[in-house]
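Visitor: Contents of structure-v5.tsv (TSV, C-alpha atoms):
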```tsv
chain	number	residue	atom	x	y	z
A	213	MET	CA	-51.55	-27.10	22.08
A	214	GLU	CA	-52.83	-27.64	18.55
A	215	SER	CA	-56.39	-26.80	17.68
A	216	ALA	CA	-58.64	-29.60	16.36
A	217	VAL	CA	-59.44	-27.45	13.35
A	218	SER	CA	-56.27	-25.76	12.19
A	219	PRO	CA	-55.05	-24.29	8.94
A	220	ASP	CA	-53.18	-27.59	8.58
A	221	LYS	CA	-56.58	-29.22	7.92
A	222	PRO	CA	-58.25	-26.97	5.35
A	223	VAL	CA	-60.74	-29.61	4.16
A	224	LEU	CA	-62.10	-30.12	7.67
A	225	GLN	CA	-61.96	-26.41	8.49
A	226	THR	CA	-63.84	-25.46	5.32
A	227	ALA	CA	-66.41	-28.23	5.76
A	228	LEU	CA	-67.09	-27.23	9.36
A	229	ARG	CA	-67.40	-23.55	8.51
A	230	PHE	CA	-69.82	-24.00	5.63
A	231	GLY	CA	-71.62	-27.17	6.79
A	232	VAL	CA	-72.36	-25.97	10.29
A	233	GLY	CA	-73.21	-22.49	9.02
A	234	ALA	CA	-75.72	-23.75	6.45
A	235	GLY	CA	-77.19	-26.27	8.91
A	236	VAL	CA	-77.71	-23.60	11.57
A	237	LEU	CA	-79.23	-21.20	9.03
A	238	SER	CA	-81.58	-23.93	7.87
A	239	GLY	CA	-82.64	-24.58	11.45
A	240	LEU	CA	-83.12	-20.87	12.07
A	241	TRP	CA	-85.30	-20.68	8.96
A	242	ILE	CA	-87.78	-23.27	10.24
A	243	VAL	CA	-87.78	-21.75	13.73
A	244	GLY	CA	-88.42	-18.35	12.12
A	245	LEU	CA	-91.34	-19.81	10.17
A	246	TYR	CA	-92.78	-21.20	13.38
A	247	LEU	CA	-92.32	-17.95	15.30
A	248	THR	CA	-94.01	-15.95	12.52
A	249	HIS	CA	-97.01	-18.31	12.61
A	250	ASN	CA	-96.23	-19.93	9.28
A	251	ASP	CA	-96.24	-23.69	8.82
A	252	PRO	CA	-92.62	-24.69	9.59
A	253	PHE	CA	-93.10	-28.13	8.02
A	254	GLY	CA	-94.98	-27.05	4.91
A	255	PRO	CA	-93.92	-25.79	1.49
A	256	LYS	CA	-92.01	-22.75	2.79
A	257	LYS	CA	-89.52	-25.08	4.49
A	258	ILE	CA	-88.23	-26.02	1.04
A	259	MET	CA	-86.74	-22.54	0.61
A	260	ALA	CA	-84.01	-23.59	3.06
A	261	MET	CA	-82.99	-26.22	0.50
A	262	VAL	CA	-81.15	-23.49	-1.42
A	263	LEU	CA	-78.60	-23.34	1.39
A	264	VAL	CA	-77.28	-26.84	0.67
A	265	PRO	CA	-76.01	-26.30	-2.89
A	266	LEU	CA	-74.88	-22.80	-2.01
A	267	ALA	CA	-72.83	-24.05	0.95
A	268	VAL	CA	-71.36	-26.94	-1.03
A	269	LEU	CA	-70.32	-24.89	-4.04
A	270	VAL	CA	-69.03	-21.88	-2.09
A	271	GLY	CA	-67.19	-24.22	0.28
A	272	GLN	CA	-65.50	-26.04	-2.58
A	273	TRP	CA	-64.63	-22.74	-4.21
A	274	SER	CA	-63.25	-21.43	-0.89
A	275	LEU	CA	-61.05	-24.51	-0.47
A	276	ARG	CA	-59.12	-23.50	-3.58
A	277	ARG	CA	-57.40	-20.63	-1.76
A	278	TYR	CA	-55.53	-23.08	0.48
A	279	TYR	CA	-54.12	-24.98	-2.47
A	280	GLN	CA	-52.81	-22.33	-4.84
A	281	PRO	CA	-51.72	-22.56	-7.64
A	282	GLU	CA	-52.38	-26.27	-8.36
A	283	GLY	CA	-55.83	-26.47	-6.71
A	284	PRO	CA	-57.12	-28.95	-4.11
A	285	GLY	CA	-57.56	-31.88	-6.48
A	286	LEU	CA	-60.63	-34.00	-7.04
A	287	LYS	CA	-60.40	-36.01	-3.82
A	288	ARG	CA	-60.20	-32.99	-1.51
A	289	ALA	CA	-62.86	-31.03	-3.41
A	290	LEU	CA	-65.28	-33.98	-3.37
A	291	GLY	CA	-64.52	-34.71	0.28
A	292	THR	CA	-65.21	-31.12	1.24
A	293	GLY	CA	-68.54	-31.15	-0.62
A	294	LEU	CA	-69.57	-34.44	0.98
A	295	LEU	CA	-68.64	-33.28	4.49
A	296	ILE	CA	-70.51	-30.00	4.01
A	297	THR	CA	-73.55	-31.96	2.82
A	298	LEU	CA	-73.47	-34.35	5.78
A	299	LEU	CA	-73.08	-31.56	8.33
A	300	THR	CA	-75.78	-29.38	6.78
A	301	ALA	CA	-78.28	-32.22	6.43
A	302	GLY	CA	-77.58	-33.57	9.90
A	303	ILE	CA	-77.90	-30.25	11.71
A	304	SER	CA	-81.00	-29.34	9.73
A	305	ALA	CA	-82.66	-32.69	10.48
A	306	VAL	CA	-81.92	-32.35	14.19
A	307	SER	CA	-83.48	-28.87	14.06
A	308	VAL	CA	-86.63	-30.20	12.38
A	309	TYR	CA	-86.96	-32.96	14.96
A	310	ALA	CA	-86.37	-30.61	17.88
A	311	LEU	CA	-88.93	-28.13	16.58
A	312	ALA	CA	-91.47	-30.88	15.92
A	313	GLN	CA	-91.06	-32.10	19.49
A	314	ALA	CA	-91.15	-28.59	20.96
A	315	ALA	CA	-94.13	-27.45	18.87
A	316	GLY	CA	-96.16	-30.48	19.90
A	317	PRO	CA	-98.90	-32.54	18.33
A	318	ALA	CA	-101.17	-29.55	17.68
A	319	GLN	CA	-98.67	-28.00	15.25
A	320	LEU	CA	-98.14	-31.35	13.55
A	321	ALA	CA	-101.91	-31.73	13.14
A	322	ARG	CA	-102.15	-28.24	11.57
A	323	SER	CA	-99.27	-29.03	9.24
A	324	LYS	CA	-100.82	-32.35	8.29
A	325	ALA	CA	-104.17	-30.69	7.56
A	326	GLU	CA	-102.51	-28.02	5.40
A	327	MET	CA	-100.51	-30.60	3.43
A	328	LEU	CA	-103.61	-32.75	2.88
A	329	LYS	CA	-105.44	-29.67	1.60
A	330	ILE	CA	-102.59	-28.91	-0.82
A	331	ALA	CA	-102.54	-32.53	-2.00
A	332	ALA	CA	-106.31	-32.49	-2.56
A	333	GLY	CA	-105.90	-29.34	-4.66
A	334	THR	CA	-103.36	-31.07	-6.90
A	335	LYS	CA	-105.39	-34.27	-7.39
A	336	ALA	CA	-106.27	-33.30	-10.96
A	337	LEU	CA	-102.55	-33.08	-11.81
A	338	TYR	CA	-101.97	-36.56	-10.41
A	339	LEU	CA	-104.90	-38.02	-12.35
A	340	ARG	CA	-103.55	-36.74	-15.69
A	341	GLN	CA	-100.50	-38.97	-15.32
A	342	LYS	CA	-100.33	-42.69	-15.96
A	343	GLY	CA	-100.75	-44.41	-12.58
A	344	GLY	CA	-101.66	-41.06	-11.06
A	345	GLN	CA	-104.50	-42.36	-8.88
A	346	ALA	CA	-102.18	-44.85	-7.18
A	347	GLN	CA	-99.54	-42.16	-6.73
A	348	TYR	CA	-102.12	-39.77	-5.27
A	349	ASP	CA	-103.40	-42.45	-2.87
A	350	GLN	CA	-99.84	-43.19	-1.75
A	351	THR	CA	-99.21	-39.47	-1.15
A	352	ILE	CA	-102.37	-39.19	0.97
A	353	ARG	CA	-101.43	-42.29	3.00
A	354	GLY	CA	-97.96	-40.85	3.58
A	355	LEU	CA	-99.35	-37.51	4.71
A	356	GLN	CA	-101.80	-39.18	7.09
A	357	GLN	CA	-98.88	-40.89	8.85
A	358	LEU	CA	-96.99	-37.62	9.31
A	359	ASP	CA	-95.02	-37.39	12.55
A	360	ALA	CA	-91.78	-35.84	13.83
A	361	ARG	CA	-89.72	-38.80	12.68
A	362	SER	CA	-91.07	-38.77	9.12
A	363	LEU	CA	-90.52	-35.01	8.86
A	364	THR	CA	-86.94	-35.46	10.06
A	365	ASN	CA	-86.27	-38.30	7.61
A	366	ASP	CA	-87.75	-36.30	4.75
A	367	ASP	CA	-85.58	-33.28	5.52
A	368	LEU	CA	-82.43	-35.37	5.91
A	369	ILE	CA	-82.92	-37.39	2.73
A	370	LYS	CA	-83.78	-34.41	0.54
A	371	LYS	CA	-80.82	-32.36	1.72
A	372	LEU	CA	-78.45	-35.30	1.39
A	373	LEU	CA	-79.60	-35.96	-2.17
A	374	VAL	CA	-79.31	-32.35	-3.27
A	375	GLY	CA	-75.92	-31.95	-1.63
A	376	LEU	CA	-74.53	-35.20	-2.98
A	377	LEU	CA	-75.76	-34.46	-6.49
A	378	LEU	CA	-74.00	-31.10	-6.45
A	379	SER	CA	-70.83	-32.22	-4.67
A	380	VAL	CA	-69.69	-34.26	-7.64
A	381	PRO	CA	-69.92	-31.61	-10.40
A	382	GLY	CA	-68.73	-28.95	-7.94
A	383	GLY	CA	-65.75	-31.11	-6.98
A	384	ILE	CA	-64.88	-31.69	-10.62
A	385	PHE	CA	-65.21	-28.02	-11.50
A	386	PHE	CA	-63.30	-26.67	-8.46
A	387	ARG	CA	-60.51	-29.30	-8.42
A	388	LYS	CA	-58.08	-26.85	-10.07
```
Now, as a test, write the supplied structure out as structure tokens.

Guide:
Amino acid sequence: MESAVSPDKPVLQTALRFGVGAGVLSGLWIVGLYLTHNDPFGPKKIMAMVLVPLAVLVGQWSLRRYYQPEGPGLKRALGTGLLITLLTAGISAVSVYALAQAAGPAQLARSKAEMLKIAAGTKALYLRQKGGQAQYDQTIRGLQQLDARSLTNDDLIKKLLVGLLLSVPGGIFFRK
């Protein structure tokens, strides 16, 4: 009986290894923040963003060992980077949603209050820019509507963008 992920499918195997690994580590990071009484939805959550480019680039680099000496080619390298990005972002977003639901409305209210306080502290920076008042007002409105769904969407979109932006140059660089 053949395994679903075999050495015959190195793109899928590599993507699963690095995508699932980075997604789980990202989820563990926000759970760790919550368990250590830090705001799991605040600025410290962004530190898990480093896992996305790291997983994509190391995964693409790792794929090269299956295709020696000619390299995996652009299509396989890009595909691996895109799959790693999708898996990492998806697992991370599910983790954010699950934690937001498990933590409850009290944690979301604390996170919202902390983010509003941070935004109020940066108001002067917004006002220095052209159209800054409108941008500040939009930021405040967005923060006031904070819920589990918006946190999940934010995490998913940011990780997808970072991963997709790095998959292309990584795929080009690691194609040979």

Visitor: Could you please determine the separation between atom CA of A:Arg361 and atom CA of A:Leu247 in Å, to one decimal place?

Guide: 21.2 Å

Visitor: In terms of the shortest atom-to-atom distance over only C-alpha atoms, which of A:Ile384, A:Ala325, A:Leu373, A:Leu368 is closest to A:Ile352?

Guide: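 For A:Ile352, the nearest of the given residues is A:Ala325.
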
Visitor: Would you pick out the contacts of A:Arg288 at 12 Å or less, using all atoms listed in the file, so that residues sharing its chain but fewer than 4 positions from it are not included, and give the list as an MDAnalysis selection string?

Guide: chainID A and resid 221:224 226:227 271:276 278:279 283:284 292:295 379:380 382:384 386:388

Visitor: For each of A:Gln357, A:Ser304, A:Ser323, A:Ser238, take the minimum atom-to-atom distance to A:Pro255, counting only C-alpha atoms, then give the residue where this is smallest.

Guide: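 Among the listed residues, A:Ser323 lies closest to A:Pro255.
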
Visitor: Please check which residues have atoms at most 12 Å from (-93.3, -22.5, 15.0) in the file's coordinates, counting only C-alpha atoms, and write them as a PDB file with C-alpha atoms, in the coordinates of the input.

Guide:
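The result, written out as out-v7.pdb:
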```pdb
ATOM      1  CA  GLY A 239     -82.640 -24.580  11.450  1.00  0.00           C
ATOM      2  CA  LEU A 240     -83.120 -20.870  12.070  1.00  0.00           C
ATOM      3  CA  TRP A 241     -85.300 -20.680   8.960  1.00  0.00           C
ATOM      4  CA  ILE A 242     -87.780 -23.270  10.240  1.00  0.00           C
ATOM      5  CA  VAL A 243     -87.780 -21.750  13.730  1.00  0.00           C
ATOM      6  CA  GLY A 244     -88.420 -18.350  12.120  1.00  0.00           C
ATOM      7  CA  LEU A 245     -91.340 -19.810  10.170  1.00  0.00           C
ATOM      8  CA  TYR A 246     -92.780 -21.200  13.380  1.00  0.00           C
ATOM      9  CA  LEU A 247     -92.320 -17.950  15.300  1.00  0.00           C
ATOM     10  CA  THR A 248     -94.010 -15.950  12.520  1.00  0.00           C
ATOM     11  CA  HIS A 249     -97.010 -18.310  12.610  1.00  0.00           C
ATOM     12  CA  ASN A 250     -96.230 -19.930   9.280  1.00  0.00           C
ATOM     13  CA  ASP A 251     -96.240 -23.690   8.820  1.00  0.00           C
ATOM     14  CA  PRO A 252     -92.620 -24.690   9.590  1.00  0.00           C
ATOM     15  CA  PHE A 253     -93.100 -28.130   8.020  1.00  0.00           C
ATOM     16  CA  GLY A 254     -94.980 -27.050   4.910  1.00  0.00           C
ATOM     17  CA  LYS A 257     -89.520 -25.080   4.490  1.00  0.00           C
ATOM     18  CA  SER A 307     -83.480 -28.870  14.060  1.00  0.00           C
ATOM     19  CA  VAL A 308     -86.630 -30.200  12.380  1.00  0.00           C
ATOM     20  CA  ALA A 310     -86.370 -30.610  17.880  1.00  0.00           C
ATOM     21  CA  LEU A 311     -88.930 -28.130  16.580  1.00  0.00           C
ATOM     22  CA  ALA A 312     -91.470 -30.880  15.920  1.00  0.00           C
ATOM     23  CA  GLN A 313     -91.060 -32.100  19.490  1.00  0.00           C
ATOM     24  CA  ALA A 314     -91.150 -28.590  20.960  1.00  0.00           C
ATOM     25  CA  ALA A 315     -94.130 -27.450  18.870  1.00  0.00           C
ATOM     26  CA  GLY A 316     -96.160 -30.480  19.900  1.00  0.00           C
ATOM     27  CA  PRO A 317     -98.900 -32.540  18.330  1.00  0.00           C
ATOM     28  CA  ALA A 318    -101.170 -29.550  17.680  1.00  0.00           C
ATOM     29  CA  GLN A 319     -98.670 -28.000  15.250  1.00  0.00           C
ATOM     30  CA  LEU A 320     -98.140 -31.350  13.550  1.00  0.00           C
ATOM     31  CA  ARG A 322    -102.150 -28.240  11.570  1.00  0.00           C
ATOM     32  CA  SER A 323     -99.270 -29.030   9.240  1.00  0.00           C
TER      33      SER A 323
END
```

Visitor: Could you state the separation of atom CA of A:Ala267 and atom CA of A:Asp359 in Å, given to one decimal place?

Guide: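 Separation of atom CA of A:Ala267 and atom CA of A:Asp359: 28.4 Å.
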
Visitor: Between A:Ile369, A:Leu266, A:Gly375, A:Val306, single out the one closest to A:Gly291, counting only C-alpha atoms.

Guide: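 Closest to A:Gly291, using only C-alpha atoms: A:Gly375.
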
Visitor: One decimal, Å: what's the distance from atom CA of A:Val268 over to atom CA of A:Ile296, could you say?

Guide: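 Going from atom CA of A:Val268 over to atom CA of A:Ile296 covers 6.0 Å.
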
Visitor: Just checking: using all atoms listed in the file, which residue out of A:Ala336, A:Ile258, A:Leu237, A:Leu378 ends up closest to A:Ala289?

Guide: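 That would be A:Leu378, the residue with the smallest distance to A:Ala289.
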
Visitor: Complete the atoms of stretch 353-364 of chain A to all heavy atoms and put them out as a compact mmCIF listing (two decimals), in the frame of the given file.

Guide:
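The result, stored in selection.txt:
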```txt
# COMPACT_ATOMS: atom_id res chain seq x y z
N ARG A 353 -101.77 -41.36 1.89
CA ARG A 353 -101.43 -42.29 3.00
C ARG A 353 -100.17 -41.80 3.73
O ARG A 353 -100.10 -41.85 4.95
CB ARG A 353 -101.22 -43.71 2.46
CG ARG A 353 -102.49 -44.49 2.27
CD ARG A 353 -102.20 -45.97 2.05
NE ARG A 353 -101.31 -46.23 0.93
CZ ARG A 353 -101.68 -46.32 -0.35
NH1 ARG A 353 -102.96 -46.16 -0.67
NH2 ARG A 353 -100.80 -46.56 -1.30
N GLY A 354 -99.19 -41.35 2.97
CA GLY A 354 -97.96 -40.85 3.58
C GLY A 354 -98.21 -39.62 4.44
O GLY A 354 -97.64 -39.48 5.52
N LEU A 355 -99.05 -38.72 3.95
CA LEU A 355 -99.35 -37.51 4.71
C LEU A 355 -100.15 -37.81 5.97
O LEU A 355 -100.00 -37.13 6.98
CB LEU A 355 -100.09 -36.50 3.84
CG LEU A 355 -99.26 -35.83 2.75
CD1 LEU A 355 -100.15 -34.95 1.86
CD2 LEU A 355 -98.14 -35.01 3.35
N GLN A 356 -101.00 -38.83 5.92
CA GLN A 356 -101.80 -39.18 7.09
C GLN A 356 -100.94 -39.79 8.21
O GLN A 356 -101.33 -39.76 9.36
CB GLN A 356 -102.93 -40.13 6.70
CG GLN A 356 -103.99 -39.44 5.89
CD GLN A 356 -105.01 -40.39 5.30
OE1 GLN A 356 -104.77 -41.58 5.19
NE2 GLN A 356 -106.16 -39.84 4.90
N GLN A 357 -99.78 -40.30 7.85
CA GLN A 357 -98.88 -40.89 8.85
C GLN A 357 -97.78 -39.92 9.28
O GLN A 357 -96.79 -40.32 9.86
CB GLN A 357 -98.24 -42.15 8.27
CG GLN A 357 -99.24 -43.22 7.95
CD GLN A 357 -98.61 -44.39 7.21
OE1 GLN A 357 -97.44 -44.38 6.89
NE2 GLN A 357 -99.42 -45.40 6.94
N LEU A 358 -97.98 -38.65 9.01
CA LEU A 358 -96.99 -37.62 9.31
C LEU A 358 -96.72 -37.53 10.81
O LEU A 358 -97.64 -37.43 11.61
CB LEU A 358 -97.49 -36.27 8.79
CG LEU A 358 -96.54 -35.10 8.86
CD1 LEU A 358 -95.47 -35.27 7.80
CD2 LEU A 358 -97.29 -33.81 8.64
N ASP A 359 -95.44 -37.60 11.17
CA ASP A 359 -95.02 -37.39 12.55
C ASP A 359 -93.62 -36.77 12.55
O ASP A 359 -93.06 -36.51 11.48
CB ASP A 359 -95.05 -38.70 13.35
CG ASP A 359 -94.10 -39.75 12.82
OD1 ASP A 359 -93.51 -39.56 11.74
OD2 ASP A 359 -93.93 -40.79 13.49
N ALA A 360 -93.09 -36.50 13.73
CA ALA A 360 -91.78 -35.84 13.83
C ALA A 360 -90.68 -36.64 13.15
O ALA A 360 -89.80 -36.09 12.48
CB ALA A 360 -91.43 -35.61 15.30
N ARG A 361 -90.74 -37.94 13.28
CA ARG A 361 -89.72 -38.80 12.68
C ARG A 361 -89.76 -38.75 11.16
O ARG A 361 -88.73 -38.67 10.50
CB ARG A 361 -89.93 -40.22 13.18
CG ARG A 361 -88.84 -41.15 12.83
CD ARG A 361 -89.10 -42.48 13.51
NE ARG A 361 -88.08 -43.43 13.13
CZ ARG A 361 -88.18 -44.71 13.35
NH1 ARG A 361 -89.23 -45.19 13.96
NH2 ARG A 361 -87.22 -45.51 12.98
N SER A 362 -90.96 -38.80 10.59
CA SER A 362 -91.07 -38.77 9.12
C SER A 362 -90.65 -37.40 8.57
O SER A 362 -90.04 -37.32 7.51
CB SER A 362 -92.48 -39.13 8.66
OG SER A 362 -93.42 -38.18 9.10
N LEU A 363 -90.96 -36.34 9.29
CA LEU A 363 -90.52 -35.01 8.86
C LEU A 363 -89.00 -34.91 8.89
O LEU A 363 -88.38 -34.34 7.98
CB LEU A 363 -91.11 -33.93 9.77
CG LEU A 363 -92.59 -33.65 9.61
CD1 LEU A 363 -93.09 -32.77 10.76
CD2 LEU A 363 -92.87 -32.99 8.28
N THR A 364 -88.39 -35.48 9.93
CA THR A 364 -86.94 -35.46 10.06
C THR A 364 -86.29 -36.27 8.94
O THR A 364 -85.33 -35.81 8.31
CB THR A 364 -86.52 -36.03 11.43
OG1 THR A 364 -87.16 -35.26 12.45
CG2 THR A 364 -85.03 -36.00 11.61
```
